[in-house]
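Raw my_file.cif, mmCIF, C-alpha atoms and all ligand atoms:
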data_start
loop_
_atom_site.label_atom_id
_atom_site.label_comp_id
_atom_site.auth_asym_id
_atom_site.auth_seq_id
_atom_site.Cartn_x
_atom_site.Cartn_y
_atom_site.Cartn_z
CA MET A 1 37.66 5.95 35.83
CA ARG A 2 36.64 9.00 37.81
CA THR A 3 39.41 10.99 36.17
CA ILE A 4 38.23 10.00 32.73
CA ALA A 5 34.69 10.94 33.56
CA ARG A 6 35.75 14.34 34.85
CA ARG A 7 37.78 14.96 31.74
CA THR A 8 34.77 14.06 29.63
CA LEU A 9 32.65 16.47 31.62
CA SER A 10 35.09 19.31 31.07
CA ALA A 11 35.42 18.68 27.39
CA THR A 12 31.69 18.39 26.99
CA ALA A 13 31.07 21.52 29.00
CA LEU A 14 33.51 23.45 26.86
CA MET A 15 31.94 22.23 23.65
CA ALA A 16 28.43 22.91 24.87
CA GLY A 17 29.46 26.32 26.13
CA ALA A 18 30.82 27.18 22.73
CA GLY A 19 27.54 26.16 21.18
CA LEU A 20 29.07 23.19 19.45
CA ALA A 21 27.75 19.69 19.23
CA LEU A 22 27.82 17.40 22.22
CA THR A 23 30.16 14.94 20.59
CA PRO A 24 30.95 11.70 22.33
CA GLY A 25 34.18 13.02 23.82
CA ALA A 26 36.07 10.11 25.30
CA SER A 27 33.52 7.60 24.10
CA ALA A 28 34.91 6.85 20.68
CA SER A 29 33.80 3.27 21.13
CA THR A 30 30.16 4.35 21.35
CA VAL A 31 29.94 6.44 18.20
CA ASP A 32 27.54 3.97 16.64
CA GLU A 33 25.37 3.97 19.74
CA GLY A 34 24.77 7.68 20.07
CA VAL A 35 21.46 9.41 19.72
CA MET A 36 20.88 11.45 16.63
CA THR A 37 18.16 14.04 16.30
CA ALA A 38 15.94 15.60 13.70
CA ASP A 39 14.33 19.00 14.06
CA LEU A 40 11.03 18.57 12.24
CA THR A 41 9.88 21.73 10.51
CA GLN A 42 6.83 22.46 8.40
CA LEU A 43 6.27 21.96 4.71
CA ASN A 44 3.16 23.03 2.81
CA ASP A 45 2.41 25.71 5.45
CA SER A 46 1.13 22.88 7.63
CA GLY A 47 1.92 24.66 10.87
CA ALA A 48 3.33 21.40 12.22
CA SER A 49 6.55 20.96 14.13
CA GLY A 50 8.29 18.28 16.10
CA THR A 51 11.44 16.58 17.24
CA ALA A 52 12.76 13.12 16.54
CA TRP A 53 15.44 11.14 18.34
CA VAL A 54 17.05 8.24 16.56
CA TRP A 55 19.40 5.60 17.92
CA ALA A 56 21.10 3.24 15.50
CA GLU A 57 23.19 0.44 16.92
CA GLY A 58 24.08 -2.65 14.97
CA ASP A 59 20.95 -3.64 13.06
CA GLU A 60 18.61 -1.91 15.49
CA VAL A 61 17.02 1.47 15.04
CA LYS A 62 15.03 3.11 17.79
CA VAL A 63 12.95 6.12 16.85
CA LYS A 64 11.08 8.55 19.07
CA ILE A 65 8.99 11.34 17.56
CA GLU A 66 7.09 14.14 19.28
CA THR A 67 4.75 16.27 17.18
CA GLN A 68 2.62 19.39 17.43
CA GLY A 69 0.28 21.18 15.06
CA LEU A 70 -0.69 18.34 12.75
CA LEU A 71 -4.27 17.74 11.61
CA ALA A 72 -6.19 16.39 14.61
CA ASP A 73 -7.99 13.04 14.65
CA SER A 74 -6.29 11.92 11.46
CA PRO A 75 -3.53 9.41 10.75
CA HIS A 76 -0.09 10.67 9.83
CA ALA A 77 2.06 8.47 7.64
CA GLN A 78 5.68 8.87 8.71
CA HIS A 79 8.84 7.41 7.27
CA LEU A 80 12.57 7.31 7.27
CA HIS A 81 13.67 8.34 3.81
CA VAL A 82 17.18 7.76 2.43
CA GLY A 83 18.45 8.97 -0.90
CA GLY A 84 18.31 12.08 -3.00
CA ASP A 85 20.37 14.82 -1.40
CA SER A 86 19.56 13.50 2.09
CA GLU A 87 17.96 16.77 3.00
CA CYS A 88 14.60 18.45 3.39
CA PRO A 89 13.19 20.82 0.81
CA PRO A 90 13.04 24.49 1.75
CA ALA A 91 9.96 25.27 3.87
CA ASP A 92 8.39 27.28 1.05
CA GLU A 93 9.07 24.71 -1.67
CA GLU A 94 6.15 24.32 -4.03
CA GLY A 95 5.21 21.30 -6.12
CA GLU A 96 2.95 20.05 -8.84
CA GLY A 97 -0.16 19.70 -6.69
CA PRO A 98 -3.19 22.01 -6.81
CA ASN A 99 -2.21 25.59 -5.92
CA GLY A 100 1.43 24.60 -5.84
CA GLU A 101 0.98 22.02 -3.11
CA LEU A 102 4.16 20.08 -2.53
CA ARG A 103 3.43 16.41 -3.08
CA THR A 104 5.55 13.62 -1.66
CA SER A 105 7.03 12.73 -5.05
CA ASP A 106 7.76 16.38 -5.85
CA ALA A 107 10.38 16.46 -3.11
CA ALA A 108 11.91 13.03 -3.71
CA GLU A 109 15.05 14.61 -5.16
CA TYR A 110 15.67 16.07 -1.71
CA TYR A 111 14.92 13.15 0.60
CA GLY A 112 14.87 10.07 -1.62
CA ASP A 113 12.69 7.03 -1.15
CA ILE A 114 11.05 5.47 1.88
CA VAL A 115 13.39 2.96 3.53
CA ALA A 116 11.28 2.38 6.64
CA SER A 117 7.65 3.08 7.43
CA LEU A 118 7.35 4.26 11.03
CA THR A 119 4.19 2.31 11.72
CA THR A 120 2.80 1.66 15.17
CA GLU A 121 2.90 -2.12 14.75
CA GLY A 122 3.57 -4.87 12.25
CA ASP A 123 5.44 -4.45 9.00
CA PHE A 124 7.69 -1.40 8.78
CA SER A 125 9.00 -1.91 5.26
CA PRO A 126 8.38 0.57 2.44
CA ASP A 127 5.40 -1.63 1.53
CA SER A 128 3.58 -0.16 4.55
CA GLY A 129 4.27 3.40 3.43
CA LEU A 130 0.58 4.19 3.21
CA ALA A 131 -0.79 1.77 5.81
CA VAL A 132 -2.95 4.55 7.24
CA ASP A 133 -4.53 2.26 9.84
CA ARG A 134 -1.10 1.68 11.44
CA PHE A 135 0.22 5.22 11.80
CA PRO A 136 -0.12 7.60 14.73
CA VAL A 137 -3.31 9.64 14.86
CA GLY A 138 -3.72 13.21 16.07
CA ASP A 139 -2.22 16.68 16.09
CA SER A 140 0.22 16.03 18.92
CA TYR A 141 1.53 12.58 19.58
CA THR A 142 4.55 10.78 20.95
CA TYR A 143 5.66 7.84 18.89
CA GLU A 144 8.26 5.29 19.86
CA ARG A 145 9.37 2.11 18.18
CA THR A 146 12.44 -0.04 17.66
CA ILE A 147 12.88 -1.75 14.32
CA THR A 148 15.59 -4.08 13.06
CA ASP A 149 17.07 -3.42 9.64
CA ALA A 150 20.79 -3.34 8.92
CA ASP A 151 20.56 -1.14 5.84
CA VAL A 152 18.35 1.42 7.53
CA ALA A 153 20.66 1.53 10.54
CA GLN A 154 23.65 2.09 8.30
CA GLY A 155 21.90 4.83 6.34
CA ILE A 156 21.22 6.63 9.61
CA ARG A 157 24.80 6.30 10.81
CA ASP A 158 25.95 7.60 7.44
CA GLY A 159 23.90 10.74 8.01
CA GLU A 160 21.69 10.08 4.99
CA ALA A 161 18.33 9.67 6.70
CA VAL A 162 15.46 12.14 6.69
CA ILE A 163 12.21 11.81 8.63
CA VAL A 164 9.05 12.94 6.85
CA VAL A 165 5.62 13.15 8.48
CA HIS A 166 2.70 13.34 6.07
CA GLY A 167 -0.86 14.59 6.09
CA VAL A 168 -1.81 18.22 5.44
CA ASP A 169 -5.28 19.78 5.67
CA HIS A 170 -4.69 22.27 2.86
CA ASN A 171 -8.24 23.62 2.80
CA GLY A 172 -8.58 23.69 6.57
CA ASN A 173 -11.86 21.79 6.71
CA GLY A 174 -10.69 19.36 9.37
CA SER A 175 -10.27 16.22 7.30
CA TYR A 176 -8.38 14.76 4.38
CA ASP A 177 -10.21 15.32 1.11
CA GLY A 178 -9.81 16.84 -2.34
CA PRO A 179 -7.82 15.69 -5.37
CA ALA A 180 -6.17 12.28 -5.42
CA SER A 181 -2.74 11.61 -4.03
CA ASP A 182 0.28 11.30 -6.30
CA LEU A 183 1.12 8.09 -4.42
CA ASP A 184 -2.24 6.33 -4.33
CA PRO A 185 -5.33 7.40 -6.32
CA GLU A 186 -7.48 5.86 -3.59
CA LEU A 187 -6.28 8.45 -1.09
CA PRO A 188 -6.67 12.23 -1.15
CA GLY A 189 -3.47 14.16 -1.69
CA GLU A 190 -4.00 15.81 1.69
CA ALA A 191 -3.45 12.42 3.36
CA THR A 192 -0.04 11.92 1.81
CA ASN A 193 1.46 15.36 1.19
CA PRO A 194 4.41 16.06 3.48
CA ALA A 195 3.56 18.11 6.57
CA MET A 196 7.03 18.32 8.07
CA CYS A 197 10.54 17.11 7.53
CA GLY A 198 13.77 16.80 9.48
CA GLU A 199 17.27 15.62 8.63
CA VAL A 200 18.59 13.02 11.07
CA THR A 201 21.88 14.42 12.26
CA ASP A 202 24.34 14.05 15.10
CA GLN A 203 25.02 17.78 15.14
CA MET A 204 22.43 19.01 17.61
CA GLY A 205 23.01 16.86 20.66
CA ALA A 206 19.48 17.41 21.96
CA MET A 207 20.32 14.49 24.18
CA PRO A 208 23.84 13.40 25.00
CA GLU A 209 25.43 10.49 23.29
CA GLY A 210 25.92 7.31 25.26
CA GLY A 211 25.46 3.58 25.14
CA VAL A 212 23.74 2.40 28.27
CA ASP A 213 20.78 4.75 28.39
CA THR A 214 19.64 3.83 24.93
CA GLY A 215 18.81 0.42 26.30
CA MET A 216 20.50 -1.05 23.28
CA GLY A 217 23.63 -2.38 24.89
CA GLY A 218 26.68 -0.22 25.35
CA THR A 219 29.81 -0.28 27.39
CA GLN A 220 30.90 0.96 30.76
CA ASP A 221 32.90 3.66 28.99
CA GLY A 222 29.78 4.74 27.19
CA SER A 223 27.99 4.97 30.50
CA ASP A 224 30.60 7.27 31.96
CA GLY A 225 30.46 9.53 28.95
CA MET A 226 26.70 9.56 29.13
CA VAL A 227 26.51 10.55 32.77
CA ALA A 228 29.12 13.24 32.37
CA ALA A 229 27.51 14.70 29.30
CA ALA A 230 24.09 14.64 30.90
CA GLY A 231 25.44 16.47 33.91
CA ALA A 232 26.99 19.13 31.76
CA THR A 233 23.79 19.58 29.83
CA ALA A 234 21.75 19.99 32.98
CA VAL A 235 24.16 22.49 34.49
CA LEU A 236 24.52 24.55 31.35
CA ALA A 237 20.99 24.43 30.07
CA GLY A 238 19.24 24.66 33.42
CA ALA A 239 15.57 23.86 33.14
CA GLY A 240 15.97 22.92 29.50
CA GLY A 241 18.58 20.37 30.38
CA LEU A 242 16.43 18.92 33.11
CA MET A 243 13.58 18.61 30.70
CA MET A 244 15.78 16.63 28.38
CA LEU A 245 16.83 14.37 31.21
CA GLY A 246 13.20 13.89 32.12
CA ARG A 247 12.48 12.86 28.57
CA ARG A 248 15.22 10.33 28.70
CA ARG A 249 13.84 8.86 31.91
CA ALA A 250 10.43 8.69 30.32
CA THR A 251 11.95 6.87 27.41
CA GLN A 252 13.57 4.37 29.72
CA ALA A 253 10.43 3.86 31.72
CA SER A 254 8.31 3.21 28.69
CA ARG A 255 10.45 0.36 27.49
CU CU A 301 7.51 9.75 3.85
#
Would you write the structure of this file as structure tokens?
Amino acid sequence: MRTIARRTLSATALMAGAGLALTPGASASTVDEGVMTADLTQLNDSGASGTAWVWAEGDEVKVKIETQGLLADSPHAQHLHVGGDSECPPADEEGEGPNGELRTSDAAEYYGDIVASLTTEGDFSPDSGLAVDRFPVGDSYTYERTITDADVAQGIRDGEAVIVVHGVDHNGNGSYDGPASDLDPELPGEATNPAMCGEVTDQMGAMPEGGVDTGMGGTQDGSDGMVAAAGATAVLAGAGGLMMLGRRRATQASR
């Protein structure tokens, strides 16, 4: 077992050193259990950014999102989208809204429809897509939730999922107002226009793949791969790697 772990470490170190993805190495059995990531980047000149980590194992999907630069003191609808081209629109994409504002429906050809609403509690189906009283509030927040949906989990594993966070203060007056939303005439477009978007991918390896540390089951083999990969990340990335490990511990502790 020690030999296998060392071999995993070497392979991972080589891949990381070459700037390639931290693939599961010897842990072929844990492919479905690995973390995927999404680098959330701004749309509509929102100034927002963030990172998402997504674990999909069996029917379970665990999502963690960290944000910065969103409109403060306001709810931000956020969803997993699947469909379209499974990608985000270009950052400067314009839409049919006032002054070329990109509305949610304008970019549907890129990221498809809502398949899961990343609400803070209760229903997470597309029906809750605009349940503004059950979405995170604020400019910078950390969101974490596990949902159970076989189709959503499969869409993520297939690399078809995109995370979109909504809510843009186009006129900079500190609240959602102005013309009606394309999704719901009762809401201002500012409340529903996309603020940032990220494709859920296994390419980045912001955190190493592994079964046990996701808290969603896993095998002993997955654990070995996880420890080895984490070690390599810490050694190679220095402080950055340690930060990532700290995040993972925080994730564990909060469960
Ligand atoms: Cu959305």
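As for atom CA of A:Ala116 and atom CA of A:His170, they are spaced 25.8 Å apart.
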Task: Point-to-point distance from atom CA of A:Tyr111 to atom CA of A:Ser86, Å rounded to tenths - done: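 That distance, rounded to one decimal, is 4.9 Å.
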Open item on the list: Can you pull out every residue with an atom within 6 Å of ligand CU 301 (chain A)? Use all atoms listed in the file and format it as JSON, numbers by chain.
Closed with: {"A": [78, 79, 114, 164]}
Open item on the list: When you count all atoms listed in the file, which of these residues is closest to A:Ala48: A:Asp139, A:Asp106, A:Glu87, A:Asp127?
Closed with: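 Ranked by minimum distance to A:Ala48, first place goes to A:Asp139.
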Open item on the list: Could you check the closest approach to A:Gly50 for each of A:Ile163, A:Glu93, A:Ile147, A:Leu183 and tell me which residue wins, using all atoms listed in the file?
Closed with: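 Between A:Ile163, A:Glu93, A:Ile147, A:Leu183, the residue approaching A:Gly50 most closely is A:Ile163.
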